Structures are given as structure tokens and as C-alpha cells.
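> Pasting in a structure now, in C-alpha cells, and then I'll have a few things to ask.
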Amino acid sequence: GARAASAAPSALSARPERVVLPVLPKVYAYDHCPYCVRVRLGLGLKNVKHEVVFMANDDVATPTKLIGKKIAPIFEVPDENFLMGESMDIVKKVDSEEKYGPTGHFGPATGRADIKAWMKGVKDLLRLLHRPRYMAAALPEFQQKDSRDYFVTGHPVPPFEKAEWKAAEFGQEAREGHYAAAMARTEELLPELNAALKDLEGIIHSDECCTEGGISLDDIDLWSRLRSVTLVDGAEFQPKTLAYLQALSEAGDVPLYFGMKC
């Protein structure tokens with residue numbers, strides 16, 4: 001029963017043995033990108049040493065040369081001349097090959113409707129809070145103005161839709177103005193965020209997994225999305241959620257943003 005399960009060593013406290021391959025796999029990534037974080041977290045939780053290559057956000061040449069288009073993440077296994085996109089496919093590959101340690105470390109995705117509904121409910125709110133902060137936080141992919149301009153041009157803040165936002169007549173000055181306006185709404189938006197974070201506390205099963213039964217692909221997705229919320233100064237994480245964020249950050253060797261929140 002539940003007691004027996006809790007007495008057994010958890011997936012987080014009993015990490016797999018360190019896997020250091022002769023040629024390290026590479027993850028080409030943007031730090032802010034939750035899809036890229038999925039791959040970093042998956043490799044980290046499996047204790048596979050890997051190299052993270054942060055691309056500038058406006059670098060089209062590197063990903064195009066690797067995989068034929070501007071996309072992230074890209075997983076490279078140099079000694080196999082192997083390249084792959086699609087974050088969950090990468091995590092599943094790594095968890096199915098003995099080269100990367102014991103297989104089947106992650107339970108399958110369960111398609112939980114409550115998590116999907118929570119994510120849908122905060123989508124616009126998080127875009128308003130996250131997108132201007134990505135521009136302010138000195139992340140590796142946004143070190144230069146061209147990279148920030150590229151992101152702002154391609155990523156509207158609500159209520160704008162992409163087609164209207166990206167139109168030449170909309171203009172970069174207006175885009176930057178709306179980013180600044182979104183940042184200025186923080187005090188107004190925080191109560192809505194913190195109410196959502198209270199709801200989230202009941203959705204997360206424990207400080208080690210969001211779904212009962214242990215670490216799963218549900219965590220690979222949810223934790224990777226929640227990481228961005230730690231960039232928001234004033235976000236009030238409930239105790240279990242905070243412990244969950246910190247436990248997977250440590251076990252997966254992917255830092256949270258508390259040290260640079262703004």
C-alpha cells in the first residue's frame with residue numbers, strides 16, 4: 001500500500017548511477033524554453049552527463065545546419081552522427097536505451113485533465129508575466145539586443161494574436177511598449193497568479209512527483225513549465241509546490257530562477 005511505497009527509496013533520493021559517455025551528448029537549447037528544459041531535466045534525472053549549448057535566440061544558421069530548420073531543442077549524439085528534435089521523443093529515447101542507464105525510469109504520461117485545465121487557465125496570464133521578464137533577466141539566448149528584438153517580434157503579449165503582432169505596420173516600438181505595459185501590470189496580475197498557485201497545490205501529488213506512482217513524463221512537462229514562474233518576483237508558491245520545484249531542480253540539475261527573479 002501507500003506506506004510500503006513511501007518506505008521504498010524514491011526515484012529522486014535514489015538517483016541512477018552517473019553515466020559519463022566517452023563522447024557527451026549535446027542539447028542545443030534556449031534557457032527559457034520549457035521544451036528545452038524537458039530534455040535537460042530528463043537527462044539530469046537519469047544522471048546522464050551532457051553538454052548544453054545555448055543558442056542565441058536569433059541564430060537561424062546553427063539549428064538549420066543541424067536539423068534543417070530553426071527549432072529547439074536539438075539532441076545530438078556526436079559519436080552516432082545522430083540528431084533529433086521533439087522534446088518528449090528525445091526524453092523517451094534516452095529512457096529506452098541502456099546506453100543512458102537503467103531504462104523505464106519515467107512513468108508514462110497520464111494525460112491528466114486537471115493539469116491541462118490549470119495550464120490552459122493560466123496561459124495568457126503567464127505570457128503577460130513571463131515574456132517581458134525573459135527580456136529583463138540576462139538569459140544566455142538574450143545576451144544581445146538582436147536576440148531580444150527577434151523574440152519580441154515573434155512573441156506577442158495578450159490580447160494580441162501573432163498575425164496582427166508580426167505585421168510590419170504594427171512596428172517594433174509598439175511591441176516594446178506592450179511588453180513594458182505587461183511588466184507594469186505585475187501588481188495587478190499577482191493576485192490572479194497566486195490564486196492559481198494555491199489551486200496548483202492540490203494538483204501536485206507530493207514534493208517528488210505530480211502524479212501518484214512516482215516520477216513520470218507528467219513531471220517532465222509540468223516542472224519544465226513551472227520553472228519559468230520562479231522568475232516572477234511576488235509569486236507565492238505553496239509549500240508542497242515549492243518543495244517539488246526544489247527537489248526536481250536538485251535531482252535534475254536544472255537551476256530555478258529564484259536568484260534572478262524580477
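Identifiers in this document derive from the order of the C-alpha cells: chains are assigned A, B, ..., residues are numbered from 1 separately in each chain, and ligands are numbered from 1 in order of occurrence.
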Where does DSSP see strand (DSSP E) in range 45-239 of chain A, if you list the residues as a PyMOL selection string?

chain A and resi 51-54+74-77+82-84

> Write the residues of the selection above to a file with all heavy atoms, as a CSV table (one decimal), in the first residue's frame.


chain,number,residue,atom,x,y,z
A,51,GLU,N,26.2,18.0,-22.5
A,51,GLU,CA,26.7,19.4,-22.7
A,51,GLU,C,25.4,20.2,-23.2
A,51,GLU,O,24.7,19.7,-24.1
A,51,GLU,CB,27.7,19.4,-23.8
A,51,GLU,CG,28.3,20.8,-24.1
A,51,GLU,CD,29.3,20.8,-25.3
A,51,GLU,OE1,29.8,19.7,-25.7
A,51,GLU,OE2,29.6,21.9,-25.7
A,52,VAL,N,25.2,21.3,-22.6
A,52,VAL,CA,24.1,22.2,-23.0
A,52,VAL,C,24.7,23.3,-23.8
A,52,VAL,O,25.7,24.0,-23.4
A,52,VAL,CB,23.3,22.8,-21.8
A,52,VAL,CG1,22.2,23.7,-22.3
A,52,VAL,CG2,22.8,21.7,-20.9
A,53,VAL,N,24.3,23.5,-25.1
A,53,VAL,CA,24.8,24.5,-25.9
A,53,VAL,C,23.6,25.5,-26.1
A,53,VAL,O,22.6,25.3,-26.7
A,53,VAL,CB,25.1,24.0,-27.3
A,53,VAL,CG1,25.7,25.1,-28.2
A,53,VAL,CG2,26.2,22.9,-27.2
A,54,PHE,N,23.8,26.7,-25.5
A,54,PHE,CA,22.8,27.7,-25.5
A,54,PHE,C,23.0,28.5,-26.8
A,54,PHE,O,24.0,29.1,-27.0
A,54,PHE,CB,22.8,28.7,-24.3
A,54,PHE,CG,22.4,28.0,-23.1
A,54,PHE,CD1,23.2,27.9,-22.0
A,54,PHE,CD2,21.1,27.6,-22.9
A,54,PHE,CE1,22.8,27.3,-20.8
A,54,PHE,CE2,20.7,27.0,-21.7
A,54,PHE,CZ,21.5,26.9,-20.7
A,74,ILE,N,17.4,20.6,-29.8
A,74,ILE,CA,18.0,19.6,-30.7
A,74,ILE,C,19.0,18.7,-29.9
A,74,ILE,O,19.8,19.3,-29.1
A,74,ILE,CB,18.8,20.3,-31.9
A,74,ILE,CG1,17.9,21.2,-32.7
A,74,ILE,CG2,19.5,19.2,-32.7
A,74,ILE,CD1,18.6,22.1,-33.7
A,75,PHE,N,18.8,17.4,-30.0
A,75,PHE,CA,19.6,16.5,-29.3
A,75,PHE,C,20.6,15.9,-30.2
A,75,PHE,O,20.2,15.4,-31.3
A,75,PHE,CB,18.7,15.4,-28.7
A,75,PHE,CG,19.4,14.3,-27.8
A,75,PHE,CD1,20.1,14.7,-26.7
A,75,PHE,CD2,19.3,13.0,-28.2
A,75,PHE,CE1,20.8,13.7,-25.9
A,75,PHE,CE2,20.0,12.0,-27.4
A,75,PHE,CZ,20.7,12.4,-26.3
A,76,GLU,N,21.9,16.0,-29.9
A,76,GLU,CA,22.9,15.4,-30.8
A,76,GLU,C,23.7,14.4,-30.0
A,76,GLU,O,24.1,14.6,-28.9
A,76,GLU,CB,23.9,16.5,-31.2
A,76,GLU,CG,25.0,16.0,-32.2
A,76,GLU,CD,26.0,17.1,-32.6
A,76,GLU,OE1,26.0,18.2,-32.0
A,76,GLU,OE2,26.7,16.8,-33.6
A,77,VAL,N,23.9,13.2,-30.7
A,77,VAL,CA,24.8,12.2,-30.2
A,77,VAL,C,25.9,12.1,-31.2
A,77,VAL,O,25.8,11.4,-32.2
A,77,VAL,CB,24.0,10.8,-30.1
A,77,VAL,CG1,24.9,9.8,-29.4
A,77,VAL,CG2,22.7,11.0,-29.3
A,82,PHE,N,24.0,11.3,-34.8
A,82,PHE,CA,22.5,11.3,-34.6
A,82,PHE,C,22.0,12.7,-34.2
A,82,PHE,O,22.6,13.3,-33.2
A,82,PHE,CB,22.2,10.2,-33.6
A,82,PHE,CG,20.7,10.1,-33.3
A,82,PHE,CD1,19.9,9.3,-34.1
A,82,PHE,CD2,20.1,10.8,-32.2
A,82,PHE,CE1,18.5,9.2,-33.8
A,82,PHE,CE2,18.8,10.7,-32.0
A,82,PHE,CZ,18.0,9.9,-32.7
A,83,LEU,N,21.0,13.1,-34.8
A,83,LEU,CA,20.3,14.4,-34.4
A,83,LEU,C,18.8,14.2,-34.3
A,83,LEU,O,18.2,13.5,-35.1
A,83,LEU,CB,20.6,15.5,-35.5
A,83,LEU,CG,22.1,16.0,-35.5
A,83,LEU,CD1,22.4,16.5,-36.9
A,83,LEU,CD2,22.3,17.0,-34.5
A,84,MET,N,18.2,14.8,-33.4
A,84,MET,CA,16.8,14.7,-33.1
A,84,MET,C,16.2,15.9,-32.5
A,84,MET,O,16.8,16.6,-31.7
A,84,MET,CB,16.6,13.5,-32.1
A,84,MET,CG,15.2,13.0,-31.9
A,84,MET,SD,15.2,11.6,-30.7
A,84,MET,CE,13.6,10.9,-31.0

> Can you tell me which residues surround Pro191 in chain A at a distance of at most 10 Å, considering only C-alpha atoms, apart from same-chain residues fewer than 4 positions away, and format the answer as a PyMOL selection string?

chain A and resi 186-187+195-197+234-236

> May I have the residues from that selection written out with C-alpha atoms, as a CSV table (one decimal), in the first residue's frame?


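Final output, out-v1.csv:
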chain,number,residue,atom,x,y,z
A,186,THR,CA,2.6,42.9,-12.4
A,187,GLU,CA,0.9,44.2,-9.2
A,195,ALA,CA,-4.7,32.2,-6.6
A,196,ALA,CA,-3.7,29.8,-9.4
A,197,LEU,CA,-0.7,28.7,-7.4
A,234,GLY,CA,6.0,38.1,-5.9
A,235,ALA,CA,4.9,34.6,-7.0
A,236,GLU,CA,3.8,32.8,-3.8

> Can you list, as a list in words, every protein, DNA or RNA residue that comes within 8 Å of Trp118 in chain A when you count only C-alpha atoms, leaving out same-chain residues fewer than 3 positions away?

Asp114, Ile115, Gly121, Val122, Ala196 and Leu200 of chain A

> Keeping only all heavy atoms, write those residues as an mmCIF file, in the first residue's frame.


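New file part.cif:
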data_model
loop_
_atom_site.group_PDB
_atom_site.id
_atom_site.type_symbol
_atom_site.label_atom_id
_atom_site.label_comp_id
_atom_site.auth_asym_id
_atom_site.auth_seq_id
_atom_site.Cartn_x
_atom_site.Cartn_y
_atom_site.Cartn_z
ATOM 1 N N ASP A 114 -6.855 17.637 -15.153
ATOM 2 C CA ASP A 114 -6.748 18.758 -14.206
ATOM 3 C C ASP A 114 -5.487 19.588 -14.472
ATOM 4 O O ASP A 114 -5.527 20.824 -14.394
ATOM 5 C CB ASP A 114 -6.795 18.276 -12.749
ATOM 6 C CG ASP A 114 -5.769 17.214 -12.412
ATOM 7 O OD1 ASP A 114 -5.118 16.664 -13.324
ATOM 8 O OD2 ASP A 114 -5.611 16.910 -11.197
ATOM 9 N N ILE A 115 -4.407 18.926 -14.832
ATOM 10 C CA ILE A 115 -3.181 19.670 -15.161
ATOM 11 C C ILE A 115 -3.374 20.464 -16.454
ATOM 12 O O ILE A 115 -3.009 21.635 -16.542
ATOM 13 C CB ILE A 115 -1.967 18.718 -15.275
ATOM 14 C CG1 ILE A 115 -1.629 18.113 -13.908
ATOM 15 C CG2 ILE A 115 -0.756 19.452 -15.848
ATOM 16 C CD1 ILE A 115 -0.476 17.126 -13.926
ATOM 17 N N GLY A 121 -5.816 27.569 -18.132
ATOM 18 C CA GLY A 121 -6.347 28.702 -17.370
ATOM 19 C C GLY A 121 -5.331 29.809 -17.123
ATOM 20 O O GLY A 121 -5.715 30.972 -16.958
ATOM 21 N N VAL A 122 -4.043 29.463 -17.076
ATOM 22 C CA VAL A 122 -3.015 30.476 -16.785
ATOM 23 C C VAL A 122 -2.217 30.888 -18.020
ATOM 24 O O VAL A 122 -1.291 31.695 -17.920
ATOM 25 C CB VAL A 122 -2.036 29.989 -15.686
ATOM 26 C CG1 VAL A 122 -2.764 29.804 -14.360
ATOM 27 C CG2 VAL A 122 -1.300 28.714 -16.089
ATOM 28 N N ALA A 196 -3.944 31.015 -8.555
ATOM 29 C CA ALA A 196 -3.704 29.829 -9.388
ATOM 30 C C ALA A 196 -2.679 28.910 -8.733
ATOM 31 O O ALA A 196 -2.793 27.680 -8.807
ATOM 32 C CB ALA A 196 -3.243 30.253 -10.780
ATOM 33 N N LEU A 200 -2.909 24.989 -7.684
ATOM 34 C CA LEU A 200 -1.900 24.027 -8.123
ATOM 35 C C LEU A 200 -1.466 23.111 -6.980
ATOM 36 O O LEU A 200 -1.159 21.933 -7.203
ATOM 37 C CB LEU A 200 -0.689 24.783 -8.681
ATOM 38 C CG LEU A 200 0.482 23.956 -9.195
ATOM 39 C CD1 LEU A 200 0.080 23.150 -10.425
ATOM 40 C CD2 LEU A 200 1.666 24.863 -9.530
#

> Have a look at A:Pro34, A:Pro132, A:Pro73, A:Gly252 and name the one nearest to Lys46 in chain A; count only C-alpha atoms.

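Of A:Pro34, A:Pro132, A:Pro73, A:Gly252, the one nearest Lys46 in chain A, counting only C-alpha atoms, is A:Gly252.
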
> Rounded to one decimal place, report the CA of Ser224 in chain A-CA of Tyr30 in chain A distance in Å.

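Taking CA of Ser224 in chain A and CA of Tyr30 in chain A, their separation equals 12.6 Å.
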
> Which residue is closest to Lys26 in chain A? Choose from A:Glu201, A:Asp58, A:Asp218, A:Glu80 and count only C-alpha atoms.

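That would be A:Glu80, the residue with the smallest distance to Lys26 in chain A.
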